[in-house]
file input-v7.pdb (PDB, C-alpha atoms)
ATOM      1  CA  MET A  11      17.777  -8.705  17.216  1.00  0.00           C
ATOM      2  CA  GLN A  12      15.827  -6.142  15.233  1.00  0.00           C
ATOM      3  CA  GLU A  13      13.861  -7.230  12.185  1.00  0.00           C
ATOM      4  CA  LEU A  14      13.341  -5.148   9.058  1.00  0.00           C
ATOM      5  CA  ASN A  15      10.157  -6.722   7.678  1.00  0.00           C
ATOM      6  CA  LEU A  16       9.903  -5.268   4.175  1.00  0.00           C
ATOM      7  CA  SER A  17       7.856  -8.139   2.738  1.00  0.00           C
ATOM      8  CA  ASN A  18       5.107  -7.356   5.252  1.00  0.00           C
ATOM      9  CA  LEU A  19       4.921  -3.779   3.948  1.00  0.00           C
ATOM     10  CA  ILE A  20       4.586  -4.992   0.361  1.00  0.00           C
ATOM     11  CA  SER A  21       1.898  -7.477   1.427  1.00  0.00           C
ATOM     12  CA  LEU A  22      -0.076  -4.744   3.220  1.00  0.00           C
ATOM     13  CA  ASN A  23       0.110  -2.487   0.145  1.00  0.00           C
ATOM     14  CA  TYR A  24      -1.167  -5.348  -2.003  1.00  0.00           C
ATOM     15  CA  LYS A  25      -4.103  -6.001   0.346  1.00  0.00           C
ATOM     16  CA  ILE A  26      -4.989  -2.292   0.443  1.00  0.00           C
ATOM     17  CA  ALA A  27      -4.943  -2.131  -3.364  1.00  0.00           C
ATOM     18  CA  LYS A  28      -7.254  -5.169  -3.565  1.00  0.00           C
ATOM     19  CA  LEU A  29      -9.698  -3.515  -1.155  1.00  0.00           C
ATOM     20  CA  ASP A  30      -9.601  -0.322  -3.230  1.00  0.00           C
ATOM     21  CA  ASP A  31     -10.504  -2.381  -6.295  1.00  0.00           C
ATOM     22  CA  LYS A  32     -13.414  -4.069  -4.502  1.00  0.00           C
ATOM     23  CA  ILE A  33     -14.762  -0.740  -3.243  1.00  0.00           C
ATOM     24  CA  LEU A  34     -14.487   0.798  -6.710  1.00  0.00           C
ATOM     25  CA  GLU A  35     -16.224  -2.198  -8.297  1.00  0.00           C
ATOM     26  CA  ILE A  36     -19.174  -1.979  -5.894  1.00  0.00           C
ATOM     27  CA  ARG A  37     -19.494   1.781  -6.379  1.00  0.00           C
ATOM     28  CA  GLU A  38     -19.450   1.365 -10.161  1.00  0.00           C
ATOM     29  CA  ARG A  39     -22.130  -1.320  -9.933  1.00  0.00           C
ATOM     30  CA  LEU A  40     -24.295   0.981  -7.827  1.00  0.00           C
ATOM     31  CA  THR A  41     -24.087   3.807 -10.337  1.00  0.00           C
ATOM     32  CA  SER A  42     -24.513   1.782 -13.520  1.00  0.00           C
ATOM     33  CA  PRO A  43     -27.959   2.222 -15.105  1.00  0.00           C
ATOM     34  CA  LYS A  44     -28.451  -1.529 -15.472  1.00  0.00           C
ATOM     35  CA  ASN A  45     -28.241  -2.206 -11.735  1.00  0.00           C
ATOM     36  CA  GLN A  46     -29.987   0.776 -10.224  1.00  0.00           C
ATOM     37  CA  ILE A  47     -32.594  -0.061  -7.658  1.00  0.00           C
ATOM     38  CA  ILE A  48     -35.615   2.166  -8.022  1.00  0.00           C
ATOM     39  CA  SER A  49     -37.720   0.722  -5.199  1.00  0.00           C
ATOM     40  CA  ASP A  50     -37.432  -1.676  -2.307  1.00  0.00           C
ATOM     41  CA  MET A  51     -40.156  -3.871  -3.742  1.00  0.00           C
ATOM     42  CA  PRO A  52     -39.033  -7.481  -4.167  1.00  0.00           C
ATOM     43  CA  ARG A  53     -38.800  -8.782  -7.705  1.00  0.00           C
ATOM     44  CA  GLY A  54     -39.517 -12.190  -9.083  1.00  0.00           C
ATOM     45  CA  GLY A  55     -37.867 -14.477  -6.566  1.00  0.00           C
ATOM     46  CA  GLY A  56     -39.480 -12.666  -3.677  1.00  0.00           C
ATOM     47  CA  THR A  57     -36.301 -11.975  -1.754  1.00  0.00           C
ATOM     48  CA  THR A  58     -36.646  -9.374   0.943  1.00  0.00           C
ATOM     49  CA  GLU A  59     -32.983  -8.351   0.796  1.00  0.00           C
ATOM     50  CA  ASN A  60     -32.242  -4.876  -0.366  1.00  0.00           C
ATOM     51  CA  ALA A  61     -29.301  -4.959  -2.769  1.00  0.00           C
ATOM     52  CA  LEU A  62     -28.514  -1.300  -2.094  1.00  0.00           C
ATOM     53  CA  ASP A  63     -28.215  -1.885   1.658  1.00  0.00           C
ATOM     54  CA  ASN A  64     -26.074  -4.960   1.051  1.00  0.00           C
ATOM     55  CA  ALA A  65     -23.740  -3.029  -1.251  1.00  0.00           C
ATOM     56  CA  LEU A  66     -23.432  -0.122   1.167  1.00  0.00           C
ATOM     57  CA  SER A  67     -22.679  -2.455   4.074  1.00  0.00           C
ATOM     58  CA  LYS A  68     -19.986  -4.189   1.971  1.00  0.00           C
ATOM     59  CA  ILE A  69     -18.434  -0.824   1.152  1.00  0.00           C
ATOM     60  CA  GLU A  70     -18.476   0.121   4.826  1.00  0.00           C
ATOM     61  CA  TYR A  71     -16.844  -3.193   5.784  1.00  0.00           C
ATOM     62  CA  TYR A  72     -14.143  -2.853   3.124  1.00  0.00           C
ATOM     63  CA  GLU A  73     -13.414   0.750   4.094  1.00  0.00           C
ATOM     64  CA  THR A  74     -13.109  -0.219   7.766  1.00  0.00           C
ATOM     65  CA  ARG A  75     -10.753  -3.040   6.833  1.00  0.00           C
ATOM     66  CA  LYS A  76      -8.758  -0.697   4.601  1.00  0.00           C
ATOM     67  CA  SER A  77      -8.455   1.848   7.417  1.00  0.00           C
ATOM     68  CA  TYR A  78      -7.156  -0.865   9.742  1.00  0.00           C
ATOM     69  CA  LEU A  79      -4.606  -2.027   7.140  1.00  0.00           C
ATOM     70  CA  ASN A  80      -3.499   1.567   6.528  1.00  0.00           C
ATOM     71  CA  ASP A  81      -2.907   2.035  10.262  1.00  0.00           C
ATOM     72  CA  LEU A  82      -0.942  -1.213  10.343  1.00  0.00           C
ATOM     73  CA  LEU A  83       1.090  -0.109   7.325  1.00  0.00           C
ATOM     74  CA  VAL A  84       1.958   3.217   8.959  1.00  0.00           C
ATOM     75  CA  SER A  85       2.976   1.621  12.252  1.00  0.00           C
ATOM     76  CA  ASN A  86       5.111  -1.006  10.478  1.00  0.00           C
ATOM     77  CA  TRP A  87       6.709   1.665   8.316  1.00  0.00           C
ATOM     78  CA  LEU A  88       7.605   3.775  11.354  1.00  0.00           C
ATOM     79  CA  ILE A  89       9.332   0.759  12.909  1.00  0.00           C
ATOM     80  CA  CYS A  90      11.241   0.119   9.675  1.00  0.00           C
ATOM     81  CA  GLU A  91      12.168   3.788   9.373  1.00  0.00           C
ATOM     82  CA  ASP A  92      13.537   3.805  12.944  1.00  0.00           C
ATOM     83  CA  ILE A  93      15.608   0.722  12.149  1.00  0.00           C
ATOM     84  CA  LEU A  94      16.959   2.348   8.975  1.00  0.00           C
ATOM     85  CA  ILE A  95      17.887   5.511  10.881  1.00  0.00           C
ATOM     86  CA  SER A  96      19.595   3.484  13.611  1.00  0.00           C
ATOM     87  CA  CYS A  97      21.683   1.760  10.902  1.00  0.00           C
ATOM     88  CA  ASN A  98      22.869   5.187   9.636  1.00  0.00           C
ATOM     89  CA  ILE A  99      21.111   4.853   6.294  1.00  0.00           C
ATOM     90  CA  SER A 100      21.170   8.095   4.310  1.00  0.00           C
ATOM     91  CA  PRO A 101      17.982  10.165   3.975  1.00  0.00           C
ATOM     92  CA  GLU A 102      18.143   9.549   0.231  1.00  0.00           C
ATOM     93  CA  GLN A 103      18.082   5.781   0.759  1.00  0.00           C
ATOM     94  CA  ILE A 104      15.283   6.053   3.323  1.00  0.00           C
ATOM     95  CA  GLU A 105      13.264   8.049   0.793  1.00  0.00           C
ATOM     96  CA  LEU A 106      13.840   5.285  -1.773  1.00  0.00           C
ATOM     97  CA  PHE A 107      12.610   2.719   0.766  1.00  0.00           C
ATOM     98  CA  ARG A 108       9.588   4.922   1.492  1.00  0.00           C
ATOM     99  CA  TYR A 109       8.570   5.025  -2.171  1.00  0.00           C
ATOM    100  CA  ARG A 110       9.124   1.290  -2.610  1.00  0.00           C
ATOM    101  CA  TYR A 111       7.748  -0.155   0.621  1.00  0.00           C
ATOM    102  CA  PHE A 112       5.462   2.456   2.188  1.00  0.00           C
ATOM    103  CA  TYR A 113       3.795   3.726  -0.993  1.00  0.00           C
ATOM    104  CA  GLY A 114       4.192   0.344  -2.726  1.00  0.00           C
ATOM    105  CA  LEU A 115       5.446   1.785  -6.014  1.00  0.00           C
ATOM    106  CA  PRO A 116       7.110  -0.447  -8.621  1.00  0.00           C
ATOM    107  CA  TRP A 117      10.834   0.136  -9.113  1.00  0.00           C
ATOM    108  CA  LYS A 118      10.493   2.234 -12.264  1.00  0.00           C
ATOM    109  CA  LYS A 119       8.026   4.596 -10.583  1.00  0.00           C
ATOM    110  CA  CYS A 120      10.290   4.766  -7.529  1.00  0.00           C
ATOM    111  CA  ILE A 121      13.129   5.965  -9.725  1.00  0.00           C
ATOM    112  CA  VAL A 122      10.887   8.559 -11.401  1.00  0.00           C
ATOM    113  CA  ALA A 123       9.724   9.795  -7.979  1.00  0.00           C
ATOM    114  CA  MET A 124      13.314   9.968  -6.718  1.00  0.00           C
ATOM    115  CA  ALA A 125      14.350  11.915  -9.820  1.00  0.00           C
ATOM    116  CA  LYS A 126      11.588  14.449  -9.075  1.00  0.00           C
ATOM    117  CA  HIS A 127      12.427  14.599  -5.376  1.00  0.00           C
ATOM    118  CA  TYR A 128      16.189  14.908  -5.949  1.00  0.00           C
ATOM    119  CA  SER A 129      16.146  16.837  -9.214  1.00  0.00           C
ATOM    120  CA  ASN A 130      19.756  18.004  -8.882  1.00  0.00           C
ATOM    121  CA  GLU A 131      21.012  14.416  -9.276  1.00  0.00           C
ATOM    122  CA  SER A 132      20.704  12.000 -12.166  1.00  0.00           C
ATOM    123  CA  TRP A 133      18.754   8.854 -11.383  1.00  0.00           C
ATOM    124  CA  SER A 134      18.697   5.486 -13.090  1.00  0.00           C
ATOM    125  CA  GLU A 135      17.397   2.076 -12.151  1.00  0.00           C
ATOM    126  CA  SER A 136      20.913   0.824 -11.521  1.00  0.00           C
ATOM    127  CA  LYS A 137      21.533   3.678  -9.070  1.00  0.00           C
ATOM    128  CA  GLY A 138      18.294   2.870  -7.253  1.00  0.00           C
ATOM    129  CA  TYR A 139      19.169  -0.823  -7.023  1.00  0.00           C
ATOM    130  CA  ARG A 140      22.687   0.019  -5.832  1.00  0.00           C
ATOM    131  CA  LEU A 141      21.439   2.352  -3.088  1.00  0.00           C
ATOM    132  CA  HIS A 142      18.873  -0.240  -2.033  1.00  0.00           C
ATOM    133  CA  ARG A 143      21.484  -3.012  -1.905  1.00  0.00           C
ATOM    134  CA  GLU A 144      23.915  -0.796   0.059  1.00  0.00           C
ATOM    135  CA  ALA A 145      21.230   0.057   2.607  1.00  0.00           C
ATOM    136  CA  LEU A 146      20.265  -3.593   3.075  1.00  0.00           C
ATOM    137  CA  SER A 147      23.875  -4.684   3.486  1.00  0.00           C
ATOM    138  CA  SER A 148      24.438  -1.900   6.023  1.00  0.00           C
ATOM    139  CA  CYS A 149      21.419  -3.131   7.999  1.00  0.00           C
ATOM    140  CA  ILE A 150      22.727  -6.701   7.939  1.00  0.00           C
ATOM    141  CA  LYS A 151      26.154  -5.543   9.117  1.00  0.00           C
ATOM    142  CA  ASN A 152      24.446  -3.815  12.054  1.00  0.00           C
ATOM    143  CA  GLY A 153      22.800  -7.091  13.074  1.00  0.00           C
ATOM    144  CA  VAL A 154      19.338  -6.422  11.632  1.00  0.00           C
ATOM    145  CA  LYS A 155      17.426  -9.379  10.221  1.00  0.00           C
ATOM    146  CA  VAL A 156      16.003  -8.400   6.818  1.00  0.00           C
ATOM    147  CA  CYS A 157      12.975 -10.220   5.472  1.00  0.00           C
TER     148      CYS A 157
END
call {"tool": "encode", "arguments": {"input": "input-v7.pdb", "output": "structure tokens"}}
result
Amino acid sequence: MQELNLSNLISLNYKIAKLDDKILEIRERLTSPKNQIISDMPRGGGTTENALDNALSKIEYYETRKSYLNDLLVSNWLICEDILISCNISPEQIELFRYRYFYGLPWKKCIVAMAKHYSNESWSESKGYRLHREALSSCIKNGVKVC
């Protein structure tokens, strides 16, 4: 039995966004005038740690982790996309799933993106929900476990 693991995609997007926030926070700390390190000379407490090196190594770690999660997100999305195609889901519905689960957009932004992508059609939240529900029910009818 095939498994369409959409919750995993949302979880990966959430983790990637958290890493982006951590990286941004460290970079902002490094560039703020209050926390700039002018020399490697220890201050006060006599610690020999260099805060700049520590911050750069944290950034490197977070970026490596983010790269790994991005690769995992892409591979999981490709599996989900293959399952959707095998269930004869329309390209329009697959695009809606892409905006929601691959890019991790909230529903309102998904609808705005779909309206831009398919400008010759009118889009509303109810239409997006309906297409999503139809695609999921079609997957279930084809024996796909949706989670």
call {"tool": "resolve_selection", "arguments": {"input": "input-v7.pdb", "expression": "the PyMOL selection byres ((chain A and resi 122) around 12)", "output": "ChimeraX atom specification"}}
result
/A:106,109-110,115-121,123-129,131-135,137-138
call {"tool": "resolve_selection", "arguments": {"input": "input-v7.pdb", "expression": "the PyMOL selection byres ((chain A and resi 142-157) around 7)", "output": "list in words"}}
result
Met11, Gln12, Glu13, Leu14, Asn15, Leu16, Ser17, Cys97, Ile99, Gln103, Gly138, Tyr139, Arg140 and Leu141 of chain A
call {"tool": "residues_around", "arguments": {"input": "input-v7.pdb", "residues": "Leu66 of chain A", "least_positions_apart": "2", "cutoff": "12 Å", "atoms": "all atoms listed in the file", "output": "number ranges by chain"}}
result
A: 33-34, 36-37, 39-40, 60-64, 68-73
call {"tool": "resolve_selection", "arguments": {"input": "input-v7.pdb", "expression": "the PyMOL selection byres ((chain A and resi 18) around 12)", "output": "PDB file with C-alpha atoms, keeping the file's coordinate frame"}}
result
ATOM      1  CA  GLU A  13      13.861  -7.230  12.185  1.00  0.00           C
ATOM      2  CA  LEU A  14      13.341  -5.148   9.058  1.00  0.00           C
ATOM      3  CA  ASN A  15      10.157  -6.722   7.678  1.00  0.00           C
ATOM      4  CA  LEU A  16       9.903  -5.268   4.175  1.00  0.00           C
ATOM      5  CA  SER A  17       7.856  -8.139   2.738  1.00  0.00           C
ATOM      6  CA  LEU A  19       4.921  -3.779   3.948  1.00  0.00           C
ATOM      7  CA  ILE A  20       4.586  -4.992   0.361  1.00  0.00           C
ATOM      8  CA  SER A  21       1.898  -7.477   1.427  1.00  0.00           C
ATOM      9  CA  LEU A  22      -0.076  -4.744   3.220  1.00  0.00           C
ATOM     10  CA  ASN A  23       0.110  -2.487   0.145  1.00  0.00           C
ATOM     11  CA  TYR A  24      -1.167  -5.348  -2.003  1.00  0.00           C
ATOM     12  CA  LYS A  25      -4.103  -6.001   0.346  1.00  0.00           C
ATOM     13  CA  LEU A  79      -4.606  -2.027   7.140  1.00  0.00           C
ATOM     14  CA  LEU A  82      -0.942  -1.213  10.343  1.00  0.00           C
ATOM     15  CA  LEU A  83       1.090  -0.109   7.325  1.00  0.00           C
ATOM     16  CA  VAL A  84       1.958   3.217   8.959  1.00  0.00           C
ATOM     17  CA  SER A  85       2.976   1.621  12.252  1.00  0.00           C
ATOM     18  CA  ASN A  86       5.111  -1.006  10.478  1.00  0.00           C
ATOM     19  CA  TRP A  87       6.709   1.665   8.316  1.00  0.00           C
ATOM     20  CA  ILE A  89       9.332   0.759  12.909  1.00  0.00           C
ATOM     21  CA  CYS A  90      11.241   0.119   9.675  1.00  0.00           C
ATOM     22  CA  TYR A 111       7.748  -0.155   0.621  1.00  0.00           C
ATOM     23  CA  PHE A 112       5.462   2.456   2.188  1.00  0.00           C
ATOM     24  CA  GLY A 114       4.192   0.344  -2.726  1.00  0.00           C
ATOM     25  CA  VAL A 156      16.003  -8.400   6.818  1.00  0.00           C
ATOM     26  CA  CYS A 157      12.975 -10.220   5.472  1.00  0.00           C
TER      27      CYS A 157
END
call {"tool": "atom_distance", "arguments": {"input": "input-v7.pdb", "atom1": "atom CA of Arg75 of chain A", "atom2": "atom CA of Glu35 of chain A"}}
result
16.1 Å
call {"tool": "atom_distance", "arguments": {"input": "input-v7.pdb", "atom1": "atom CA of Ser77 of chain A", "atom2": "atom CA of Asp92 of chain A"}}
result
22.8 Å
call {"tool": "closest_residue", "arguments": {"input": "input-v7.pdb", "among": "A:Ser136, A:Ser96, A:Thr41, A:Asn130", "to": "Ala65 of chain A", "atoms": "all atoms listed in the file"}}
result
A:Thr41
call {"tool": "atom_distance", "arguments": {"input": "input-v7.pdb", "atom1": "atom CA of Leu29 of chain A", "atom2": "atom CA of Arg108 of chain A"}}
result
21.2 Å
